[in-house]
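To keep things clear, I will list the structure first and then write my remarks on it.
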Amino acid sequence: MTVVPQGEGALASRGGGGGGSGNLYDVLELVLDRGLVIDAFARVSLVGIEILKIDARVVVASVDTYLRFAEACNRLDLESGRKAPSQLTDLVGDATESGARGKSKGALSGAVEAVSESLQKGREDRESGREKQRVRSERGASRRSSRHDDEE
Amino acid sequence: MSVYIYAITKAEHPLDLDDVRGVGEDGSDLHAVSSGSLSAVVSEAPADLSVARRDLEAHHEVQENLWSDGAILPLSFGFVAPDEDSVRALLDERAEAFSQRLDELSGTAEFNVKGVTDEDVLLRAILTDSGQARTLNESIRDGGGTYEDRLALGELVAQEVQNRNAALAEEVLATMRPLVVSEQVAPPSQQYFVNASFLVEDARSEEFTRAGGELAERLGEGVELRLRGPLPPYSFV
């Protein structure tokens, strides 16, 4: 979670020229894309804006997007799963705890439990991190339950 | 002489332009062109005006300075009039619309809220929650599985990413909406799950910022909310 307000006191003083260089990026699109447009007058060539537009393009469902996501999931698996087996347990173990509802029970869960058991010890070391996570999912935020304990 | 235009204000705006410089290599002098009840803040248009940091920053800074002293209509970056007379003609021609909008915007500010999800966190959550995604993901491990498996996983995950991002966006909008006068929501993009500008009354701006902070707290790890403001009302002119 991160909030980046413009700065303490800015609210009271209404801006006051707070547009320092570090802040330009977030307002760039406002300065370029919004604001009053006067059709009667000439406008500087906005070729540079095209770069912004690429960043801001709407998500389109395409084969490329799908392959990219598949790739990303696979990469995650490699990074957090196989290099450090205990982290795989966290990922999959969580699923038995909170995520694996309905359909996912089955062939997979047997394997999951087996892996979980053998790595139970490693998980205990991170008990405090896991506590936080339980609290979080109890509060009903499980649909975006975070994985901060994977980050070791 | 062609002039670069920054903003339109009421004639009674103090137009304190001493400490701020306009676009151009050395920062051009600013002055007002007035007609009737309105003024336009302008400077000489530099020959090398371009969409680059130097001029973008100057443009924005002039507007923030003016706006801190009273309502303005900030122009979009890059407008150049052939001469001051044509600026006066514009002020006359659209006097009523400009005045009305300035009245409506006085005592308000724009806040922009951008939300970014950490893709790794999001994908992990999806793999955790979806047995089907996990199964597919395992089937393509080590280059295994078919092209169709990859597509199926990608499609499933893409859909889930979109659903989750849309739910997050809705949560942001639903939280902020009761506190604002008006809103401008950009379509969701690859970069931001939400990108919305809100027009907020000065009296509520503190409450708005606080609500934004609490919301970010609630959304938790893997979600970044960037709240920018108060700003001149770019999205509401």
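Chain labels follow the order of the structure tokens: the first chain is A, the next B, and so on; residue numbering restarts at 1 in every chain, and ligands are counted from 1 in their shown order.
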
Fill in: Contacts of region 107-116 of chain B at 9 Å (only C-alpha atoms; same-chain gap of 4+ positions) as a PyMOL selection string
(chain A and resi 14+26-27+30) or (chain B and resi 70-71+103+168-169+172+181+191-203+205+208-209+212+222-236)

Worksheet entry | For Gly154 (chain B): contacts at 7 Å, only C-alpha atoms, fewer than 6 positions along chain excluded, given as a list in words | Tyr66, Leu67, Phe69 and Ala70 of chain A

Worksheet entry | Selection: 12 Å around Asn163 (chain B), only C-alpha atoms, excl. self and same-chain fewer than 5 positions, as a PyMOL selection string | (chain A and resi 143-144) or (chain B and resi 122+126+156-158+168-170+188+193)

Worksheet item: What does the distance between CA of Ser50 (chain B) and CA of Arg88 (chain B) come to in Å, to one decimal place?
Response: 24.8 Å

Discussion item. What does the structure give for the distance between CA of Glu221 (chain B) and CA of Val161 (chain B), in Å to one decimal?
Written reply: 15.9 Å

Item to complete: Could you tell me which of B:Glu25, B:Asn137, B:Leu38, B:Asp83 comes closest to chain A if we count only C-alpha atoms?
Response: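 So, comparing all the options, the nearest one is B:Asn137.
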
Fill in: Those in region 62-158 of chain B with strand (DSSP E or B) from DSSP, as number ranges by chain
B: 72-75, 79-81, 108-117

File of the preceding selection, C-alpha atoms, as a short mmCIF file (atom, residue, chain, number, x, y, z; two decimals), in the first residue's frame:
data_model
loop_
_atom_site.label_atom_id
_atom_site.label_comp_id
_atom_site.auth_asym_id
_atom_site.auth_seq_id
_atom_site.Cartn_x
_atom_site.Cartn_y
_atom_site.Cartn_z
CA ILE B 72 -8.57 29.67 -13.39
CA LEU B 73 -9.33 27.75 -16.55
CA PRO B 74 -6.00 26.03 -17.24
CA LEU B 75 -5.27 25.58 -20.93
CA PHE B 79 -1.59 26.63 -27.49
CA VAL B 80 -0.21 29.61 -29.36
CA ALA B 81 -2.27 32.55 -30.61
CA THR B 108 -12.82 23.61 -5.80
CA ALA B 109 -9.74 21.61 -6.74
CA GLU B 110 -8.94 18.60 -8.84
CA PHE B 111 -7.54 15.44 -7.27
CA ASN B 112 -6.18 12.69 -9.44
CA VAL B 113 -6.13 9.13 -8.20
CA LYS B 114 -4.13 6.46 -9.98
CA GLY B 115 -4.05 2.85 -8.90
CA VAL B 116 -1.39 0.32 -9.79
CA THR B 117 -1.44 -3.34 -8.88
#

Worksheet item: Between B:His31, B:Lys10, B:Arg101, B:Arg150, which one has atoms that come closest to chain A, using only C-alpha atoms?
Response: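 Selected residue with least distance to chain A: B:Arg150.
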
Item to complete: For Ser34 (chain B), work out the shell of residues within 9 Å, counting only C-alpha atoms and skipping chain neighbours fewer than 6 positions away, then give it as a list in words.
Response: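 In the requested form, the answer reads Ala11, Ala40, Val41, Val87, Arg88 and Leu91 of chain B.
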
Residue subset to file, keeping N, CA and C atoms, as an mmCIF file, in the first residue's frame:
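Output (out20.cif):
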data_model
loop_
_atom_site.group_PDB
_atom_site.id
_atom_site.type_symbol
_atom_site.label_atom_id
_atom_site.label_comp_id
_atom_site.auth_asym_id
_atom_site.auth_seq_id
_atom_site.Cartn_x
_atom_site.Cartn_y
_atom_site.Cartn_z
ATOM 1 N N ALA B 11 -11.146 38.965 -14.369
ATOM 2 C CA ALA B 11 -10.324 40.183 -14.339
ATOM 3 C C ALA B 11 -9.883 40.523 -12.916
ATOM 4 N N ALA B 40 -6.480 36.759 -19.869
ATOM 5 C CA ALA B 40 -5.717 35.569 -20.248
ATOM 6 C C ALA B 40 -4.275 35.826 -19.839
ATOM 7 N N VAL B 41 -3.634 34.824 -19.260
ATOM 8 C CA VAL B 41 -2.231 34.976 -18.902
ATOM 9 C C VAL B 41 -1.397 34.386 -20.036
ATOM 10 N N VAL B 87 -6.335 36.936 -28.904
ATOM 11 C CA VAL B 87 -6.655 36.455 -27.548
ATOM 12 C C VAL B 87 -7.836 37.265 -26.999
ATOM 13 N N ARG B 88 -7.785 38.585 -27.184
ATOM 14 C CA ARG B 88 -8.910 39.431 -26.732
ATOM 15 C C ARG B 88 -10.201 39.025 -27.431
ATOM 16 N N LEU B 91 -11.577 36.026 -25.755
ATOM 17 C CA LEU B 91 -12.188 36.327 -24.459
ATOM 18 C C LEU B 91 -13.575 36.930 -24.657
#

Discussion item. With only C-alpha atoms as the counted atoms, please give the residues lying no more than 12 Å from Val3 (chain B), apart from itself and same-chain residues fewer than 4 positions off, as a PyMOL selection string.
Written reply: (chain A and resi 41-43) or (chain B and resi 22-24+28-33+40-47+49+78-88)

Worksheet item: Between A:Ser62, A:Ala72, A:Ala40, A:Gly35, which has the minimum distance to chain B (counting only C-alpha atoms)?
Response: A:Gly35

Worksheet item: What is the CA of Gly131 (chain B) to CA of Val63 (chain A) distance in Å?
Response: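 Computing the Euclidean distance for CA of Gly131 (chain B) and CA of Val63 (chain A) yields 22.1 Å.
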